[in-house]
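Participant: Got a structure for you, entry-v4.txt, holding compact mmCIF, N, CA and C atoms.
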```
# COMPACT_ATOMS: atom_id res chain seq x y z
N MET A 1 -42.62 -3.65 17.22
CA MET A 1 -42.19 -2.40 16.65
C MET A 1 -40.73 -2.13 17.04
N ARG A 2 -39.94 -1.67 16.04
CA ARG A 2 -38.53 -1.42 16.29
C ARG A 2 -38.33 -0.05 16.95
N THR A 3 -37.37 -0.01 17.84
CA THR A 3 -37.06 1.26 18.50
C THR A 3 -36.17 2.10 17.60
N ILE A 4 -36.02 3.35 17.97
CA ILE A 4 -35.15 4.26 17.20
C ILE A 4 -33.72 3.74 17.23
N ALA A 5 -33.29 3.26 18.38
CA ALA A 5 -31.92 2.73 18.49
C ALA A 5 -31.71 1.54 17.56
N GLN A 6 -32.73 0.67 17.46
CA GLN A 6 -32.63 -0.50 16.57
C GLN A 6 -32.54 -0.05 15.11
N ARG A 7 -33.37 0.97 14.74
CA ARG A 7 -33.34 1.47 13.37
C ARG A 7 -31.97 2.10 13.05
N ASP A 8 -31.43 2.84 14.00
CA ASP A 8 -30.11 3.44 13.80
C ASP A 8 -29.04 2.36 13.62
N ARG A 9 -29.12 1.32 14.43
CA ARG A 9 -28.15 0.23 14.32
C ARG A 9 -28.28 -0.48 12.98
N ASP A 10 -29.53 -0.70 12.54
CA ASP A 10 -29.75 -1.35 11.24
C ASP A 10 -29.18 -0.50 10.10
N ASP A 11 -29.36 0.82 10.19
CA ASP A 11 -28.80 1.72 9.18
C ASP A 11 -27.28 1.68 9.18
N LEU A 12 -26.70 1.71 10.38
CA LEU A 12 -25.25 1.63 10.49
C LEU A 12 -24.72 0.32 9.91
N GLU A 13 -25.40 -0.77 10.21
CA GLU A 13 -24.96 -2.08 9.71
C GLU A 13 -25.06 -2.15 8.19
N ALA A 14 -26.11 -1.54 7.61
CA ALA A 14 -26.24 -1.52 6.15
C ALA A 14 -25.10 -0.71 5.52
N LYS A 15 -24.78 0.42 6.15
CA LYS A 15 -23.67 1.23 5.65
C LYS A 15 -22.34 0.49 5.81
N LEU A 16 -22.19 -0.18 6.95
CA LEU A 16 -20.97 -0.96 7.20
C LEU A 16 -20.81 -2.05 6.15
N ARG A 17 -21.89 -2.77 5.86
CA ARG A 17 -21.84 -3.83 4.84
C ARG A 17 -21.38 -3.26 3.51
N HIS A 18 -21.91 -2.10 3.14
CA HIS A 18 -21.52 -1.48 1.86
C HIS A 18 -20.04 -1.10 1.86
N LEU A 19 -19.58 -0.48 2.95
CA LEU A 19 -18.19 -0.04 3.01
C LEU A 19 -17.22 -1.21 2.97
N ILE A 20 -17.54 -2.28 3.71
CA ILE A 20 -16.63 -3.42 3.82
C ILE A 20 -16.68 -4.30 2.58
N GLU A 21 -17.88 -4.62 2.10
CA GLU A 21 -17.99 -5.57 0.98
C GLU A 21 -17.89 -4.91 -0.39
N ALA A 22 -18.58 -3.81 -0.59
CA ALA A 22 -18.61 -3.19 -1.92
C ALA A 22 -17.36 -2.33 -2.17
N GLN A 23 -16.97 -1.57 -1.16
CA GLN A 23 -15.84 -0.66 -1.36
C GLN A 23 -14.51 -1.24 -0.89
N LYS A 24 -14.54 -2.45 -0.31
CA LYS A 24 -13.32 -3.14 0.17
C LYS A 24 -12.51 -2.24 1.11
N MET A 25 -13.21 -1.54 1.98
CA MET A 25 -12.57 -0.60 2.88
C MET A 25 -12.06 -1.30 4.13
N PRO A 26 -10.89 -0.91 4.62
CA PRO A 26 -10.39 -1.48 5.88
C PRO A 26 -11.32 -1.10 7.04
N GLN A 27 -11.32 -1.93 8.07
CA GLN A 27 -12.22 -1.71 9.20
C GLN A 27 -11.98 -0.37 9.89
N HIS A 28 -10.73 0.03 10.06
CA HIS A 28 -10.46 1.28 10.77
C HIS A 28 -11.00 2.50 10.02
N LYS A 29 -10.97 2.45 8.68
CA LYS A 29 -11.51 3.57 7.90
C LYS A 29 -13.04 3.58 7.97
N ALA A 30 -13.66 2.39 7.93
CA ALA A 30 -15.11 2.31 8.05
C ALA A 30 -15.57 2.84 9.41
N ALA A 31 -14.83 2.52 10.46
CA ALA A 31 -15.17 3.01 11.80
C ALA A 31 -15.12 4.53 11.85
N LYS A 32 -14.11 5.10 11.22
CA LYS A 32 -13.96 6.56 11.21
C LYS A 32 -15.11 7.22 10.46
N ILE A 33 -15.47 6.68 9.31
CA ILE A 33 -16.55 7.23 8.49
C ILE A 33 -17.89 7.14 9.22
N LEU A 34 -18.14 6.01 9.86
CA LEU A 34 -19.42 5.79 10.54
C LEU A 34 -19.48 6.46 11.91
N GLY A 35 -18.33 6.88 12.42
CA GLY A 35 -18.31 7.54 13.72
C GLY A 35 -18.50 6.57 14.88
N VAL A 36 -18.00 5.35 14.72
CA VAL A 36 -18.11 4.33 15.77
C VAL A 36 -16.71 3.80 16.07
N SER A 37 -16.62 2.97 17.11
CA SER A 37 -15.32 2.43 17.49
C SER A 37 -14.92 1.28 16.58
N LEU A 38 -13.63 1.05 16.51
CA LEU A 38 -13.11 -0.07 15.72
C LEU A 38 -13.62 -1.40 16.29
N SER A 39 -13.73 -1.49 17.60
CA SER A 39 -14.21 -2.75 18.20
C SER A 39 -15.67 -3.01 17.81
N TRP A 40 -16.50 -1.94 17.70
CA TRP A 40 -17.90 -2.13 17.26
C TRP A 40 -17.91 -2.67 15.83
N VAL A 41 -17.08 -2.09 14.97
CA VAL A 41 -17.00 -2.54 13.58
C VAL A 41 -16.54 -3.99 13.52
N SER A 42 -15.53 -4.32 14.28
CA SER A 42 -15.00 -5.69 14.29
C SER A 42 -16.07 -6.69 14.75
N ARG A 43 -16.75 -6.37 15.86
CA ARG A 43 -17.81 -7.26 16.37
C ARG A 43 -18.97 -7.38 15.38
N SER A 44 -19.35 -6.25 14.77
CA SER A 44 -20.46 -6.26 13.81
C SER A 44 -20.11 -7.08 12.57
N CYS A 45 -18.89 -6.95 12.10
CA CYS A 45 -18.46 -7.72 10.94
C CYS A 45 -18.52 -9.22 11.24
N LYS A 46 -18.10 -9.56 12.43
CA LYS A 46 -18.13 -10.97 12.84
C LYS A 46 -19.57 -11.47 12.94
N ARG A 47 -20.45 -10.66 13.57
CA ARG A 47 -21.85 -11.04 13.73
C ARG A 47 -22.57 -11.14 12.38
N LEU A 48 -22.26 -10.22 11.47
CA LEU A 48 -22.90 -10.20 10.15
C LEU A 48 -22.22 -11.13 9.15
N LYS A 49 -21.13 -11.78 9.59
CA LYS A 49 -20.35 -12.70 8.75
C LYS A 49 -19.85 -12.01 7.48
N LEU A 50 -19.35 -10.79 7.66
CA LEU A 50 -18.77 -10.05 6.53
C LEU A 50 -17.34 -10.50 6.32
N VAL A 51 -16.97 -10.68 5.08
CA VAL A 51 -15.59 -11.05 4.74
C VAL A 51 -14.78 -9.75 4.74
N THR A 52 -13.85 -9.66 5.68
CA THR A 52 -13.07 -8.43 5.81
C THR A 52 -11.59 -8.71 5.68
N GLN A 53 -10.87 -7.64 5.46
CA GLN A 53 -9.42 -7.68 5.45
C GLN A 53 -8.99 -6.49 6.28
N LYS A 54 -8.59 -6.73 7.49
CA LYS A 54 -8.36 -5.64 8.44
C LYS A 54 -7.48 -4.53 7.88
N SER A 55 -6.50 -4.87 7.10
CA SER A 55 -5.64 -3.81 6.56
C SER A 55 -5.94 -3.52 5.10
N GLY A 56 -7.06 -3.98 4.61
CA GLY A 56 -7.46 -3.69 3.24
C GLY A 56 -7.12 -4.83 2.30
N PRO A 57 -7.52 -4.71 1.05
CA PRO A 57 -7.24 -5.75 0.07
C PRO A 57 -5.75 -6.01 -0.04
N ARG A 58 -5.37 -7.22 -0.35
CA ARG A 58 -3.98 -7.65 -0.25
C ARG A 58 -3.21 -7.72 -1.55
N ARG A 59 -3.80 -7.49 -2.71
CA ARG A 59 -3.06 -7.65 -3.95
C ARG A 59 -3.03 -6.35 -4.75
N GLY A 60 -1.90 -6.16 -5.41
CA GLY A 60 -1.77 -5.06 -6.36
C GLY A 60 -1.93 -3.68 -5.75
N ARG A 61 -2.53 -2.78 -6.52
CA ARG A 61 -2.62 -1.38 -6.11
C ARG A 61 -3.51 -1.16 -4.90
N PHE A 62 -4.27 -2.19 -4.48
CA PHE A 62 -5.13 -2.05 -3.31
C PHE A 62 -4.42 -2.41 -2.01
N HIS A 63 -3.22 -2.94 -2.09
CA HIS A 63 -2.49 -3.33 -0.88
C HIS A 63 -2.04 -2.07 -0.14
N PRO A 64 -2.13 -2.06 1.19
CA PRO A 64 -1.76 -0.86 1.94
C PRO A 64 -0.30 -0.44 1.77
N ASN A 65 0.58 -1.36 1.41
CA ASN A 65 2.00 -1.02 1.21
C ASN A 65 2.36 -0.85 -0.26
N TRP A 66 1.39 -0.63 -1.12
CA TRP A 66 1.62 -0.49 -2.56
C TRP A 66 2.59 0.65 -2.83
N ASN A 67 3.61 0.39 -3.62
CA ASN A 67 4.62 1.41 -3.91
C ASN A 67 4.70 1.72 -5.40
N GLY A 68 3.65 1.48 -6.12
CA GLY A 68 3.64 1.80 -7.55
C GLY A 68 3.98 0.61 -8.43
N GLY A 69 4.17 -0.56 -7.85
CA GLY A 69 4.41 -1.75 -8.65
C GLY A 69 5.85 -1.97 -9.03
N VAL A 70 6.78 -1.38 -8.30
CA VAL A 70 8.21 -1.55 -8.58
C VAL A 70 8.89 -2.13 -7.35
N ILE A 71 9.62 -3.23 -7.56
CA ILE A 71 10.43 -3.78 -6.47
C ILE A 71 11.83 -4.06 -7.02
N TYR A 72 12.80 -4.17 -6.12
CA TYR A 72 14.17 -4.45 -6.52
C TYR A 72 14.64 -5.72 -5.82
N ARG A 73 15.16 -6.65 -6.61
CA ARG A 73 15.69 -7.90 -6.07
C ARG A 73 17.04 -8.17 -6.73
N LYS A 74 18.03 -8.41 -5.90
CA LYS A 74 19.38 -8.70 -6.37
C LYS A 74 19.87 -7.67 -7.38
N GLY A 75 19.47 -6.41 -7.18
CA GLY A 75 19.90 -5.33 -8.05
C GLY A 75 19.05 -5.10 -9.28
N TYR A 76 18.14 -6.02 -9.61
CA TYR A 76 17.29 -5.90 -10.79
C TYR A 76 15.98 -5.22 -10.43
N CYS A 77 15.41 -4.51 -11.39
CA CYS A 77 14.13 -3.85 -11.23
C CYS A 77 13.03 -4.78 -11.76
N PHE A 78 12.01 -5.02 -10.93
CA PHE A 78 10.88 -5.85 -11.33
C PHE A 78 9.61 -4.99 -11.29
N LEU A 79 8.76 -5.16 -12.31
CA LEU A 79 7.51 -4.42 -12.42
C LEU A 79 6.33 -5.34 -12.18
N TYR A 80 5.29 -4.80 -11.55
CA TYR A 80 4.07 -5.56 -11.31
C TYR A 80 3.38 -5.80 -12.64
N ALA A 81 3.31 -7.05 -13.04
CA ALA A 81 2.70 -7.44 -14.32
C ALA A 81 2.08 -8.82 -14.14
N PRO A 82 0.93 -8.93 -13.44
CA PRO A 82 0.38 -10.23 -13.09
C PRO A 82 0.01 -11.11 -14.28
N ASN A 83 -0.26 -10.52 -15.43
CA ASN A 83 -0.67 -11.31 -16.60
C ASN A 83 0.47 -11.52 -17.60
N HIS A 84 1.66 -11.07 -17.28
CA HIS A 84 2.79 -11.22 -18.19
C HIS A 84 3.33 -12.65 -18.12
N HIS A 85 3.73 -13.19 -19.25
CA HIS A 85 4.17 -14.58 -19.29
C HIS A 85 5.46 -14.81 -18.49
N LEU A 86 6.24 -13.77 -18.25
CA LEU A 86 7.48 -13.93 -17.49
C LEU A 86 7.30 -13.72 -15.98
N SER A 87 6.12 -13.27 -15.56
CA SER A 87 5.93 -13.02 -14.13
C SER A 87 5.82 -14.35 -13.39
N GLY A 88 6.46 -14.38 -12.24
CA GLY A 88 6.43 -15.60 -11.43
C GLY A 88 5.20 -15.62 -10.54
N SER A 89 5.29 -16.37 -9.46
CA SER A 89 4.16 -16.50 -8.55
C SER A 89 3.85 -15.19 -7.85
N GLY A 90 4.82 -14.28 -7.77
CA GLY A 90 4.61 -13.00 -7.12
C GLY A 90 4.05 -11.93 -8.04
N SER A 91 3.77 -12.25 -9.28
CA SER A 91 3.18 -11.35 -10.27
C SER A 91 4.10 -10.22 -10.73
N TYR A 92 5.40 -10.39 -10.57
CA TYR A 92 6.36 -9.38 -11.02
C TYR A 92 7.24 -9.97 -12.11
N ALA A 93 7.59 -9.12 -13.09
CA ALA A 93 8.46 -9.54 -14.19
C ALA A 93 9.65 -8.58 -14.25
N ALA A 94 10.81 -9.11 -14.65
CA ALA A 94 12.03 -8.31 -14.74
C ALA A 94 11.87 -7.26 -15.84
N GLU A 95 12.14 -6.01 -15.47
CA GLU A 95 11.97 -4.90 -16.41
C GLU A 95 12.87 -5.05 -17.62
N HIS A 96 14.13 -5.47 -17.44
CA HIS A 96 15.05 -5.56 -18.57
C HIS A 96 14.57 -6.59 -19.60
N ARG A 97 13.94 -7.65 -19.14
CA ARG A 97 13.41 -8.65 -20.08
C ARG A 97 12.18 -8.11 -20.82
N MET A 98 11.35 -7.35 -20.11
CA MET A 98 10.18 -6.76 -20.76
C MET A 98 10.60 -5.72 -21.81
N VAL A 99 11.63 -4.94 -21.51
CA VAL A 99 12.14 -3.95 -22.46
C VAL A 99 12.69 -4.65 -23.70
N MET A 100 13.45 -5.71 -23.51
CA MET A 100 14.03 -6.42 -24.64
C MET A 100 12.94 -7.06 -25.50
N GLU A 101 11.90 -7.58 -24.90
CA GLU A 101 10.79 -8.14 -25.68
C GLU A 101 10.17 -7.08 -26.58
N GLU A 102 10.05 -5.87 -26.05
CA GLU A 102 9.49 -4.78 -26.84
C GLU A 102 10.42 -4.41 -28.00
N VAL A 103 11.72 -4.43 -27.74
CA VAL A 103 12.71 -4.07 -28.77
C VAL A 103 12.70 -5.08 -29.91
N ILE A 104 12.73 -6.38 -29.58
CA ILE A 104 12.82 -7.40 -30.64
C ILE A 104 11.45 -7.79 -31.19
N GLY A 105 10.37 -7.36 -30.53
CA GLY A 105 9.03 -7.58 -31.05
C GLY A 105 8.47 -8.98 -30.86
N ARG A 106 8.96 -9.70 -29.88
CA ARG A 106 8.44 -11.04 -29.59
C ARG A 106 8.70 -11.37 -28.13
N GLU A 107 8.07 -12.44 -27.66
CA GLU A 107 8.30 -12.89 -26.29
C GLU A 107 9.63 -13.62 -26.18
N LEU A 108 10.31 -13.42 -25.06
CA LEU A 108 11.54 -14.16 -24.79
C LEU A 108 11.20 -15.51 -24.18
N SER A 109 11.99 -16.51 -24.55
CA SER A 109 11.82 -17.80 -23.89
C SER A 109 12.56 -17.73 -22.55
N ARG A 110 12.24 -18.63 -21.66
CA ARG A 110 12.90 -18.64 -20.35
C ARG A 110 14.39 -18.94 -20.46
N SER A 111 14.80 -19.61 -21.52
CA SER A 111 16.22 -19.95 -21.67
C SER A 111 17.05 -18.79 -22.21
N GLU A 112 16.42 -17.81 -22.82
CA GLU A 112 17.16 -16.67 -23.37
C GLU A 112 17.61 -15.74 -22.24
N ILE A 113 18.80 -15.21 -22.39
CA ILE A 113 19.43 -14.37 -21.38
C ILE A 113 19.51 -12.93 -21.89
N VAL A 114 19.13 -11.97 -21.05
CA VAL A 114 19.29 -10.55 -21.37
C VAL A 114 20.41 -10.03 -20.48
N ARG A 115 21.42 -9.42 -21.12
CA ARG A 115 22.60 -8.95 -20.41
C ARG A 115 22.68 -7.44 -20.48
N HIS A 116 23.12 -6.81 -19.39
CA HIS A 116 23.37 -5.37 -19.36
C HIS A 116 24.82 -5.14 -19.80
N LYS A 117 25.01 -4.42 -20.88
CA LYS A 117 26.36 -4.19 -21.43
C LYS A 117 27.27 -3.48 -20.43
N ASP A 118 26.74 -2.48 -19.71
CA ASP A 118 27.59 -1.71 -18.78
C ASP A 118 27.65 -2.32 -17.38
N GLY A 119 26.95 -3.43 -17.16
CA GLY A 119 26.98 -4.09 -15.86
C GLY A 119 26.03 -3.48 -14.83
N ASN A 120 25.40 -2.36 -15.14
CA ASN A 120 24.46 -1.71 -14.23
C ASN A 120 23.09 -2.35 -14.41
N LYS A 121 22.67 -3.12 -13.44
CA LYS A 121 21.42 -3.89 -13.54
C LYS A 121 20.17 -3.01 -13.55
N GLN A 122 20.32 -1.75 -13.20
CA GLN A 122 19.16 -0.86 -13.20
C GLN A 122 19.10 0.04 -14.44
N ASN A 123 20.10 -0.05 -15.30
CA ASN A 123 20.10 0.71 -16.54
C ASN A 123 19.43 -0.15 -17.62
N ASN A 124 18.13 0.04 -17.77
CA ASN A 124 17.35 -0.79 -18.69
C ASN A 124 17.04 -0.08 -20.01
N GLU A 125 17.94 0.80 -20.43
CA GLU A 125 17.81 1.44 -21.74
C GLU A 125 18.01 0.37 -22.81
N PRO A 126 17.23 0.39 -23.89
CA PRO A 126 17.38 -0.60 -24.95
C PRO A 126 18.80 -0.69 -25.51
N SER A 127 19.49 0.43 -25.58
CA SER A 127 20.86 0.42 -26.13
C SER A 127 21.85 -0.27 -25.18
N ASN A 128 21.48 -0.46 -23.93
CA ASN A 128 22.35 -1.09 -22.94
C ASN A 128 22.08 -2.59 -22.78
N LEU A 129 21.11 -3.12 -23.50
CA LEU A 129 20.72 -4.52 -23.34
C LEU A 129 21.05 -5.34 -24.57
N GLU A 130 21.44 -6.57 -24.35
CA GLU A 130 21.63 -7.52 -25.45
C GLU A 130 21.10 -8.88 -25.00
N VAL A 131 20.61 -9.65 -25.97
CA VAL A 131 19.99 -10.93 -25.65
C VAL A 131 20.81 -12.07 -26.24
N PHE A 132 20.91 -13.18 -25.51
CA PHE A 132 21.64 -14.37 -25.92
C PHE A 132 20.72 -15.59 -25.84
N GLN A 133 21.04 -16.61 -26.63
CA GLN A 133 20.23 -17.84 -26.63
C GLN A 133 20.25 -18.53 -25.27
N SER A 134 21.43 -18.59 -24.66
CA SER A 134 21.55 -19.25 -23.35
C SER A 134 22.79 -18.71 -22.65
N LYS A 135 23.00 -19.13 -21.43
CA LYS A 135 24.17 -18.67 -20.67
C LYS A 135 25.48 -19.06 -21.34
N THR A 136 25.51 -20.22 -21.97
CA THR A 136 26.74 -20.70 -22.60
C THR A 136 26.99 -20.04 -23.96
N ASP A 137 25.97 -19.46 -24.57
CA ASP A 137 26.11 -18.88 -25.91
C ASP A 137 26.23 -17.36 -25.87
N ARG A 138 26.94 -16.83 -24.89
CA ARG A 138 27.02 -15.36 -24.77
C ARG A 138 27.75 -14.71 -25.93
N LYS A 139 28.52 -15.48 -26.69
CA LYS A 139 29.20 -14.92 -27.84
C LYS A 139 28.27 -14.82 -29.05
N GLN A 140 27.16 -15.52 -28.97
CA GLN A 140 26.21 -15.60 -30.08
C GLN A 140 24.99 -14.75 -29.78
N ARG A 141 25.03 -13.49 -30.20
CA ARG A 141 23.93 -12.58 -29.96
C ARG A 141 22.76 -12.85 -30.89
N ILE A 142 21.59 -12.47 -30.44
CA ILE A 142 20.39 -12.62 -31.29
C ILE A 142 20.12 -11.28 -31.95
```
Take the structure in the file and write it out as structure tokens.

Facilitator:
Amino acid sequence: MRTIAQRDRDDLEAKLRHLIEAQKMPQHKAAKILGVSLSWVSRSCKRLKLVTQKSGPRRGRFHPNWNGGVIYRKGYCFLYAPNHHLSGSGSYAAEHRMVMEEVIGRELSRSEIVRHKDGNKQNNEPSNLEVFQSKTDRKQRI
């Protein structure tokens, strides 16, 4: 026969499993909700062989450092677009290229260049962008 303490522990472990696996909750938040220590949660996860991510899920809007899907590199604005054909291994695509694709109504090839007329790399207004076939053909607009 199970003791009350054993039943309580089994209930806590069932709740922990749900929080960690189903809700993808970080261990410290699960500990707070369950009213137990972080070390108890950590040991229980290890004993129960739960797949955890101590700081939460690591990709996209679930990442603890998520900033809305906008990053800046070398002055250009990149948007989180994991399924976009222009996104690299980091799942971000250049905003100015995405805007130009929308303006011309087709996908840009990797060889096509989008230039900012005013030189401001963060001004991605359609009127400020122009597209060229390649770096050498800047006189030949599309």

Participant: Taking all atoms listed in the file into account, which of A:Ala30, A:Val51, A:Pro126, A:Ala22 comes nearest A:Val99?

Facilitator: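 Of A:Ala30, A:Val51, A:Pro126, A:Ala22, the one nearest A:Val99 is A:Pro126, counting all atoms listed in the file.
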
Participant: Report the centre and edge lengths, in Å to one decimal, of an axis-aligned box enclosing every atom of stretch 11-25 of chain A listed in the file, padded by 3 Å on each side, as lines of an AutoDock Vina configuration file.

Facilitator:
```
center_x = -20.7
center_y = -1.9
center_z = 4.2
size_x = 23.3
size_y = 13.3
size_z = 18.7
```

Participant: Go through A:Lys74, A:Lys32, A:His63, A:His84 one by one, measure the shortest atom-to-atom distance of each to A:Lys121 using only N, CA and C atoms, and give the residue with the smallest value.

Facilitator: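 Between A:Lys74, A:Lys32, A:His63, A:His84, the residue approaching A:Lys121 most closely is A:Lys74.
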
Participant: Excluding A:Tyr80 and residues on its chain fewer than 6 positions from it, collect all residues at most 6 Å away from it, counting all atoms listed in the file, and give them as a list in words.

Facilitator: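 Using all atoms listed in the file, the neighbours found are Gly69, Val70, Ser91, Tyr92 and Ala93 of chain A.
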
Participant: List as a list in words the protein and nucleic acid residues near A:Thr52, meaning an atom at most 10 Å away when only C-alpha atoms are counted, but skip any in the same chain fewer than 5 places from it.

Facilitator: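 That gives Arg17, Ile20, Glu21, Lys24, Met25, Pro26, Gln27, Ser42, Cys45, Lys46 and Pro57 of chain A.
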
Participant: So which residues are close to (-9.6, 0.1, 15.4), meaning at most 7 Å away in the file's coordinates with all atoms listed in the file counted, and can you show them as a PyMOL selection string?

Facilitator: chain A and resi 27-28+37-39

Participant: Would you compute the distance between atom CA of A:Val131 and atom CA of A:Glu112? Give it in Å to one decimal.

Facilitator: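 Taking atom CA of A:Val131 and atom CA of A:Glu112, their separation equals 6.8 Å.
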
Participant: For A:Arg110, find every residue with an atom within 12 Å (counting only C-alpha atoms), except residues of its own chain fewer than 6 positions away, and show them as a ChimeraX atom specification.

Facilitator: /A:85-88,93-94,97,101,131-135
